[in-house]
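Colleague: One structure, as structure tokens, below. Some questions next.
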Amino acid sequence: MSHFSKYSRVAGVAVVLSVLAADPVFARPYTIQALEPFPGGISSIALVSRNGVVAGSATTSDGVSHSCIWKNGVIMQLPETDAPGVNSAAYQITSNNDVFYGQNVQGPSTQFTHLFSYNLGTGVRTTVTGVPVDTGVDVESVTSNSIGQTAFTLYSGNRTSYYVKNGVAHEYPAPAGAAYVEIHGLNKSGQMIGETYTPKGRQYMLWQDSQIVANYGDFGVKNPWVTGINDKGDVLVNGDNGDIVNNGQLQPTAYLWSNGALRKIENFSGQDWISGVNLNNNDWIVGKSGVTVVSPGFSTYVPKDCFVWHDGYIADLADLLPADSGWVLDEVIRINDQNEILGSGLFHGTARGFVMRPAAAPAPSVTSITPAIINHNSSATLTIYGNNFEAESKVSFNNGPLVAAHYVSPQMLTVSVPASVLALVGQYSVHVETPAPGGGASANLPLTVVSSITIFSVTPGRIDPGAANVTITVMGTNFAPGVVVTINDTYTVTPTVLSPTKLTAMLPSSVTGTAGAYFVRVVNPAKGDYSGPLRLLVASATPVISSLSPDRIGIGLANLSLYVYGTGFTAGSRLSFNGAPSIVPTSVQANRLVVSIPASILAQNGTYPIRIVNSLADGGMSEPKNFVVSFRPALTAITPGMFKTSASSVTLTLTGANFEPGSVVKINDTTAVTPTFVSSTKLTIVLPGAVSSTPGSYFARVVNPGYANNSAPKGFVVTAK
């Protein structure tokens, strides 16, 4: 039977919702690898895995276990002492690639002898010092974290627990009135979860560097026992769920203790007990489940499935494997942060350890985010749409730390926006990351954090340097009592709030007395809210261009002296031509500039904006005035080109290109005639009588508006009768 379940609660009742084997949390299949024993060995047990290396112990036919690693399918025994009958077990692979393992001697008691670390890169074994080893004590438990710290409990008439940090053993103190301390887990932060026995019964404490930092009591669970703590401080708790079956037995149940709340790990439908063995930093939990067989006078717990659970989803590990894998899973031992699962079972009938690895995840992609605009200092939940999202996908804001997301579907995630993002107004980038194997980071989506306070205008926007008692008026929204006005985020002024949309404020003399560009904000200190900035200019009047001479020319001039007339010109004034780098004038007067325009600028036709650019203190930049470089007219034919003198009027037709409605025809460069504009390629003129009645050779030009904007001449002849 395929076991995939999702649980919900209705009026406090657990309801099992059937879902398909493609349930999204466990949608990707797993591969499984058999961990081979030593030659002649009878079994192998996997304990921990990191970076593709598995550490554990393999038992030989003489019943002695040995610490070993499996790498690239090859088993290697870790170096031990030469004492006969020594048992060895690996506990952890650290982030520095050190394998942590210990030795003991099986006899009348389990006697602790050595604690080692073995570096996978250098192949060097180091004996951990400061450990109170004693051949007369039993090893109750040993645990280690990913950074090489170890905690263990020894028994010699009473339990005593220690942790090893920087090579020194430290004892965990028992609380007043407690009988002992027994460790159950150690995380990367050095937090240790362990039990004590007090007059109140079994109590669980959280230690940090040998100091008790929390007392969890019994977690609110009947007959609790703990099997681990992860780097987030979440604890895997087992206990009895309070359901009593025949013969007065209670049913085992597993719980996740997270952020001060206890969450029940619901079981498969039809099974009545569940036991959690290990959890990782993603809060994935592995363990065993089964049924209780009741017989007269006693009951038997019959295991059925090895399971993996996450966020309300539970799956039978056998259902994550190919149907023809050849495996019968027996024990599940550990799950690491890559969601690799380690345990033991029968492979084609032979006892083996195994490591199950999830198939590679596809790379996530994103298409949109809702909302794309959120208010500063508010609470906000985003919905991100895209493809290939996984249950372990997380979200990053501005490439910052990854934030846990709620998985909805392969096309949808939701995520709470971190307070650090909401604390500042601005533009952020958001992307989704899926951890290895496979996975990766998506492209970025934009997210805008806006202020609830806005400002639209500051009046006046320009102030003469040195002006006294200047009051500005700010228009905007959400002005409340208690808001202040800041200048350059440095000067703070208490304004008069006239309404939620209007306030006034007197500028400090330190601002009005110093020319320059400033920015103004409205800030609500009580809410940590502030508007965007608007510019305030302390400067002389802005320069103004009243006219240009010329303001229009024909294309192709070799050089031009442009006369610019207006007000506010200074010795530092420059001319900006079409936004190009400023040109230094050849002559400057208060109301006139003369600028030599380079031939390269005059070689292209077009309408170009010209501005006068002063320093900010002298008013900044003027409004533009347009300067036109046009194509010159081209005269190609005059019809008729020859005619006899006539006392009556004579009409000539001029053809060519680039004629304009304001074009003028000049005869012999002396007599101007206003033509009839037919089109840009055709004009007609009526010759003056003094020309049409006088024989001779003449020439005509078409002159467009502007300076040096005439065509080449074209001749015509008037003959005598």
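The chains in the structure tokens are called A, B, ... from first to last as shown; in each chain the residues are counted from 1, and the ligands are counted from 1 in the order shown.
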Tell me, which residues of region 411-464 of chain A carry DSSP alpha helix (DSSP H), written as a compact mmCIF listing (two decimals) with C-alpha atoms, in the first residue's frame?
Modeller:
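Written output follows (out19.txt):
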```txt
# COMPACT_ATOMS: atom_id res chain seq x y z
CA ALA A 419 11.44 43.30 9.08
CA SER A 420 14.88 44.35 7.80
CA VAL A 421 13.41 44.81 4.33
CA LEU A 422 10.37 46.71 5.56
```
Colleague: For Thr370 (chain A), work out the shell of residues within 8 Å, counting only C-alpha atoms and skipping chain neighbours fewer than 4 positions away, then give it as an MDAnalysis selection string.
Modeller: chainID A and resid 382:384
Colleague: Would you tabulate, counting only C-alpha atoms, all residues of region 348-388 of chain A that have an atom at most 12 Å from an atom of region 321-335 of chain A, showing the closest pair of atoms and their distance in Å to one decimal, sorted by chain then ascending number, as a Markdown table?
Modeller:
```
| residue | atom | partner | partner_atom | distance |
| --- | --- | --- | --- | --- |
| A:His348 | CA | A:Gly326 | CA | 5.3 |
| A:Gly349 | CA | A:Trp327 | CA | 8.1 |
| A:Thr350 | CA | A:Trp327 | CA | 9.4 |
| A:Ala351 | CA | A:Asp330 | CA | 9.4 |
| A:Arg352 | CA | A:Trp327 | CA | 9.5 |
| A:Gly353 | CA | A:Glu331 | CA | 9.1 |
| A:Phe354 | CA | A:Leu329 | CA | 9.0 |
| A:Val355 | CA | A:Ile335 | CA | 9.4 |
| A:Met356 | CA | A:Leu321 | CA | 8.6 |
| A:Arg357 | CA | A:Leu321 | CA | 10.0 |
| A:Pro358 | CA | A:Leu321 | CA | 9.8 |
| A:Ala359 | CA | A:Leu321 | CA | 10.8 |
```
Colleague: Record the distance separating CA of Gly345 (chain A) and CA of Ile147 (chain A), expressed in Å with one decimal.
Modeller: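 Value for the CA of Gly345 (chain A)-CA of Ile147 (chain A) distance: 29.9 Å.
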Colleague: How far is it from CA of Ile32 (chain A) to CA of Thr59 (chain A), in Å with one decimal?
Modeller: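 Taking CA of Ile32 (chain A) and CA of Thr59 (chain A), their separation equals 20.7 Å.
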Colleague: Rank A:Val691, A:Met205, A:Ile610, A:Ala571 by their smallest atom-to-atom distance to Val650 (chain A), using only C-alpha atoms, and report the top residue only.
Modeller: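 Using only C-alpha atoms, Val650 (chain A) sits closest to A:Val691.
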Colleague: Using only C-alpha atoms, find each residue in region 40-59 of chain A having at least one atom no more than 12 Å away from region 267-282 of chain A; report its shortest atom-to-atom pair and that distance in Å (one decimal), rows by chain then rising number, as JSON lines.
Modeller:
```
{"residue": "A:Leu47", "atom": "CA", "partner": "A:Asn278", "partner_atom": "CA", "distance": 10.7}
{"residue": "A:Val48", "atom": "CA", "partner": "A:Asn278", "partner_atom": "CA", "distance": 11.1}
{"residue": "A:Ser49", "atom": "CA", "partner": "A:Asn280", "partner_atom": "CA", "distance": 11.7}
```
Colleague: Tell me, in Å to one decimal, how far CA of Thr492 (chain A) is from CA of Asn377 (chain A).
Modeller: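 Taking CA of Thr492 (chain A) as the start and CA of Asn377 (chain A) as the end point, the length is 21.2 Å.
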Colleague: Pick out the residues sitting within 9 Å of Met192 (chain A), and hand them over as a list in words; count only C-alpha atoms, and ignore anything fewer than 5 positions along from it in its own chain.
Modeller: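 Skipping anything fewer than 5 positions along the chain leaves Ala151, Tyr163, Ile183, His184, Gly185, Leu186, Asn187, Met205, Leu206, Trp207, Gln208, Asp209, Ser210 and Ile229 of chain A.
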Colleague: Can you tell me, as a PDB file with all heavy atoms, in the first residue's frame, what residues are no more than 10 Å from Ile667 (chain A) when counting only C-alpha atoms, ignoring any on the same chain fewer than 5 positions away?
Modeller:
```
ATOM      1  N   ALA A 672      14.130  90.752 -53.869  1.00  0.00           N
ATOM      2  CA  ALA A 672      13.447  89.649 -53.181  1.00  0.00           C
ATOM      3  C   ALA A 672      12.017  89.546 -53.675  1.00  0.00           C
ATOM      4  O   ALA A 672      11.295  90.546 -53.735  1.00  0.00           O
ATOM      5  CB  ALA A 672      13.478  89.866 -51.691  1.00  0.00           C
ATOM      6  N   VAL A 673      11.619  88.332 -53.996  1.00  0.00           N
ATOM      7  CA  VAL A 673      10.268  88.071 -54.491  1.00  0.00           C
ATOM      8  C   VAL A 673       9.643  87.005 -53.595  1.00  0.00           C
ATOM      9  O   VAL A 673      10.259  85.963 -53.330  1.00  0.00           O
ATOM     10  CB  VAL A 673      10.286  87.593 -55.951  1.00  0.00           C
ATOM     11  CG1 VAL A 673       8.863  87.312 -56.436  1.00  0.00           C
ATOM     12  CG2 VAL A 673      10.990  88.600 -56.840  1.00  0.00           C
ATOM     13  N   LEU A 687       7.595  87.587 -61.938  1.00  0.00           N
ATOM     14  CA  LEU A 687       8.760  88.455 -62.018  1.00  0.00           C
ATOM     15  C   LEU A 687       8.350  89.918 -61.926  1.00  0.00           C
ATOM     16  O   LEU A 687       7.330  90.344 -62.498  1.00  0.00           O
ATOM     17  CB  LEU A 687       9.511  88.232 -63.326  1.00  0.00           C
ATOM     18  CG  LEU A 687      10.360  86.957 -63.430  1.00  0.00           C
ATOM     19  CD1 LEU A 687      10.933  86.837 -64.838  1.00  0.00           C
ATOM     20  CD2 LEU A 687      11.479  86.984 -62.394  1.00  0.00           C
ATOM     21  N   PRO A 688       9.140  90.695 -61.253  1.00  0.00           N
ATOM     22  CA  PRO A 688       8.886  92.141 -61.275  1.00  0.00           C
ATOM     23  C   PRO A 688       9.027  92.689 -62.699  1.00  0.00           C
ATOM     24  O   PRO A 688       9.820  92.180 -63.505  1.00  0.00           O
ATOM     25  CB  PRO A 688       9.978  92.704 -60.359  1.00  0.00           C
ATOM     26  CG  PRO A 688      10.446  91.551 -59.543  1.00  0.00           C
ATOM     27  CD  PRO A 688      10.269  90.353 -60.396  1.00  0.00           C
ATOM     28  N   VAL A 691      12.375  93.418 -64.289  1.00  0.00           N
ATOM     29  CA  VAL A 691      13.165  92.293 -64.779  1.00  0.00           C
ATOM     30  C   VAL A 691      12.582  91.775 -66.083  1.00  0.00           C
ATOM     31  O   VAL A 691      13.281  91.581 -67.084  1.00  0.00           O
ATOM     32  CB  VAL A 691      13.227  91.170 -63.735  1.00  0.00           C
ATOM     33  CG1 VAL A 691      13.955  89.945 -64.291  1.00  0.00           C
ATOM     34  CG2 VAL A 691      13.916  91.654 -62.479  1.00  0.00           C
ATOM     35  N   TYR A 698      20.031  86.673 -65.959  1.00  0.00           N
ATOM     36  CA  TYR A 698      19.728  86.819 -64.538  1.00  0.00           C
ATOM     37  C   TYR A 698      19.992  85.477 -63.816  1.00  0.00           C
ATOM     38  O   TYR A 698      20.088  84.422 -64.458  1.00  0.00           O
ATOM     39  CB  TYR A 698      18.266  87.221 -64.324  1.00  0.00           C
ATOM     40  CG  TYR A 698      17.894  88.559 -64.935  1.00  0.00           C
ATOM     41  CD1 TYR A 698      17.521  88.661 -66.269  1.00  0.00           C
ATOM     42  CD2 TYR A 698      17.910  89.709 -64.147  1.00  0.00           C
ATOM     43  CE1 TYR A 698      17.176  89.889 -66.824  1.00  0.00           C
ATOM     44  CE2 TYR A 698      17.553  90.941 -64.698  1.00  0.00           C
ATOM     45  CZ  TYR A 698      17.188  91.028 -66.026  1.00  0.00           C
ATOM     46  OH  TYR A 698      16.853  92.232 -66.546  1.00  0.00           O
ATOM     47  N   PHE A 699      20.099  85.526 -62.494  1.00  0.00           N
ATOM     48  CA  PHE A 699      20.106  84.281 -61.714  1.00  0.00           C
ATOM     49  C   PHE A 699      19.174  84.445 -60.516  1.00  0.00           C
ATOM     50  O   PHE A 699      18.918  85.577 -60.055  1.00  0.00           O
ATOM     51  CB  PHE A 699      21.520  83.883 -61.265  1.00  0.00           C
ATOM     52  CG  PHE A 699      22.165  84.841 -60.305  1.00  0.00           C
ATOM     53  CD1 PHE A 699      21.972  84.729 -58.920  1.00  0.00           C
ATOM     54  CD2 PHE A 699      22.981  85.881 -60.789  1.00  0.00           C
ATOM     55  CE1 PHE A 699      22.585  85.613 -58.053  1.00  0.00           C
ATOM     56  CE2 PHE A 699      23.585  86.764 -59.899  1.00  0.00           C
ATOM     57  CZ  PHE A 699      23.388  86.634 -58.527  1.00  0.00           C
ATOM     58  N   ALA A 700      18.694  83.313 -60.052  1.00  0.00           N
ATOM     59  CA  ALA A 700      17.774  83.297 -58.903  1.00  0.00           C
ATOM     60  C   ALA A 700      18.282  82.308 -57.849  1.00  0.00           C
ATOM     61  O   ALA A 700      18.961  81.322 -58.160  1.00  0.00           O
ATOM     62  CB  ALA A 700      16.377  82.922 -59.354  1.00  0.00           C
ATOM     63  N   ARG A 701      17.981  82.598 -56.570  1.00  0.00           N
ATOM     64  CA  ARG A 701      18.252  81.687 -55.461  1.00  0.00           C
ATOM     65  C   ARG A 701      16.958  81.520 -54.656  1.00  0.00           C
ATOM     66  O   ARG A 701      16.142  82.431 -54.578  1.00  0.00           O
ATOM     67  CB  ARG A 701      19.301  82.230 -54.500  1.00  0.00           C
ATOM     68  CG  ARG A 701      20.673  82.448 -55.036  1.00  0.00           C
ATOM     69  CD  ARG A 701      21.549  82.995 -53.904  1.00  0.00           C
ATOM     70  NE  ARG A 701      22.812  83.512 -54.357  1.00  0.00           N
ATOM     71  CZ  ARG A 701      23.927  82.796 -54.489  1.00  0.00           C
ATOM     72  NH1 ARG A 701      23.900  81.510 -54.188  1.00  0.00           N
ATOM     73  NH2 ARG A 701      25.038  83.357 -54.892  1.00  0.00           N
ATOM     74  N   VAL A 702      16.841  80.349 -54.023  1.00  0.00           N
ATOM     75  CA  VAL A 702      15.786  80.152 -53.024  1.00  0.00           C
ATOM     76  C   VAL A 702      16.436  80.304 -51.653  1.00  0.00           C
ATOM     77  O   VAL A 702      17.453  79.670 -51.357  1.00  0.00           O
ATOM     78  CB  VAL A 702      15.124  78.777 -53.153  1.00  0.00           C
ATOM     79  CG1 VAL A 702      14.083  78.582 -52.047  1.00  0.00           C
ATOM     80  CG2 VAL A 702      14.470  78.634 -54.528  1.00  0.00           C
ATOM     81  N   PRO A 713      22.799  79.393 -57.053  1.00  0.00           N
ATOM     82  CA  PRO A 713      22.014  80.142 -58.042  1.00  0.00           C
ATOM     83  C   PRO A 713      21.676  79.294 -59.279  1.00  0.00           C
ATOM     84  O   PRO A 713      22.376  78.346 -59.608  1.00  0.00           O
ATOM     85  CB  PRO A 713      22.930  81.298 -58.401  1.00  0.00           C
ATOM     86  CG  PRO A 713      24.317  80.769 -58.179  1.00  0.00           C
ATOM     87  CD  PRO A 713      24.203  79.842 -57.013  1.00  0.00           C
ATOM     88  N   LYS A 714      20.587  79.674 -59.943  1.00  0.00           N
ATOM     89  CA  LYS A 714      20.181  79.058 -61.211  1.00  0.00           C
ATOM     90  C   LYS A 714      19.796  80.194 -62.166  1.00  0.00           C
ATOM     91  O   LYS A 714      19.048  81.111 -61.786  1.00  0.00           O
ATOM     92  CB  LYS A 714      18.991  78.118 -60.993  1.00  0.00           C
ATOM     93  CG  LYS A 714      18.739  77.190 -62.160  1.00  0.00           C
ATOM     94  CD  LYS A 714      19.811  76.113 -62.221  1.00  0.00           C
ATOM     95  CE  LYS A 714      19.525  75.100 -63.320  1.00  0.00           C
ATOM     96  NZ  LYS A 714      20.588  74.096 -63.423  1.00  0.00           N
ATOM     97  N   GLY A 715      20.335  80.154 -63.428  1.00  0.00           N
ATOM     98  CA  GLY A 715      20.141  81.292 -64.324  1.00  0.00           C
ATOM     99  C   GLY A 715      18.908  81.180 -65.217  1.00  0.00           C
ATOM    100  O   GLY A 715      18.394  80.093 -65.484  1.00  0.00           O
TER     101      GLY A 715
END
```
Colleague: Which residues of region 135-244 of chain A sit at most 9 Å from region 70-93 of chain A, using only C-alpha atoms? Give each one's shortest atom pair and distance in Å (one decimal place), in chain and ascending residue order, as CSV.
Modeller:
```
residue,atom,partner,partner_atom,distance
A:Val142,CA,A:Tyr91,CA,7.3
A:Thr143,CA,A:Tyr91,CA,6.2
A:Ser144,CA,A:Gln92,CA,5.8
A:Asn145,CA,A:Gln92,CA,6.7
A:Ser146,CA,A:Ile93,CA,6.3
A:Ile147,CA,A:Ile93,CA,8.5
A:Gly148,CA,A:Gln92,CA,8.0
A:Thr150,CA,A:Tyr91,CA,8.9
```
Colleague: Give me the residues near Phe577 (chain A) as a count of residues only, where near means some atom within 9 Å (using only C-alpha atoms) and where sequence neighbours in that chain fewer than 3 positions away do not count.
Modeller: 11
Colleague: Per DSSP on the backbone, what are the strand (DSSP E or B) residues of region 515-595 of chain A, as JSON, numbers by chain?
Modeller: {"A": [516, 517, 518, 519, 520, 521, 522, 523, 524, 529, 530, 534, 535, 536, 537, 538, 544, 545, 546, 547, 548, 549, 552, 553, 554, 560, 561, 562, 563, 564, 565, 566, 567, 574, 575, 576, 577, 583, 587, 588, 589, 592, 593, 594, 595]}
Colleague: Name the closest residue to Thr292 (chain A) among the candidates A:Ser258, A:Thr542, A:Pro252, A:Asp551; distances are taken between atoms, counting only C-alpha atoms.
Modeller: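 The shortest atom-to-atom distance to Thr292 (chain A) comes from A:Pro252.
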Colleague: Give me the residues near region 456-468 of chain A as a PyMOL selection string, where near means some atom within 12 Å (using only C-alpha atoms) and where sequence neighbours in that chain fewer than 4 positions away do not count.
Modeller: chain A and resi 472-478+485+487+501-522+531-542+616-620
Colleague: Give the answer as one residue: which of A:Pro675, A:Gly656, A:Pro624, A:Gly102 has the shortest atom-to-atom distance to Arg125 (chain A), using only C-alpha atoms?
Modeller: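 Closest candidate: A:Gly102.
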Colleague: Rank nothing, just name the residue among A:Ala423, A:Leu562, A:Leu635, A:Val484 nearest to Ala657 (chain A), using only C-alpha atoms.
Modeller: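 Closest to Ala657 (chain A), using only C-alpha atoms: A:Leu635.
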Colleague: Which of these residues is nearest to Thr153 (chain A), using only C-alpha atoms: A:Thr196, A:Thr639, A:Thr719, A:Asn387?
Modeller: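 Of all the options, A:Thr196 lies closest to Thr153 (chain A).
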Colleague: For each of A:Arg50, A:Lys200, A:Arg28, A:Lys188, take the minimum atom-to-atom distance to Leu320 (chain A), counting only C-alpha atoms, then give the residue where this is smallest.
Modeller: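 When distances to Leu320 (chain A) are compared using only C-alpha atoms, the smallest one comes from A:Arg28.
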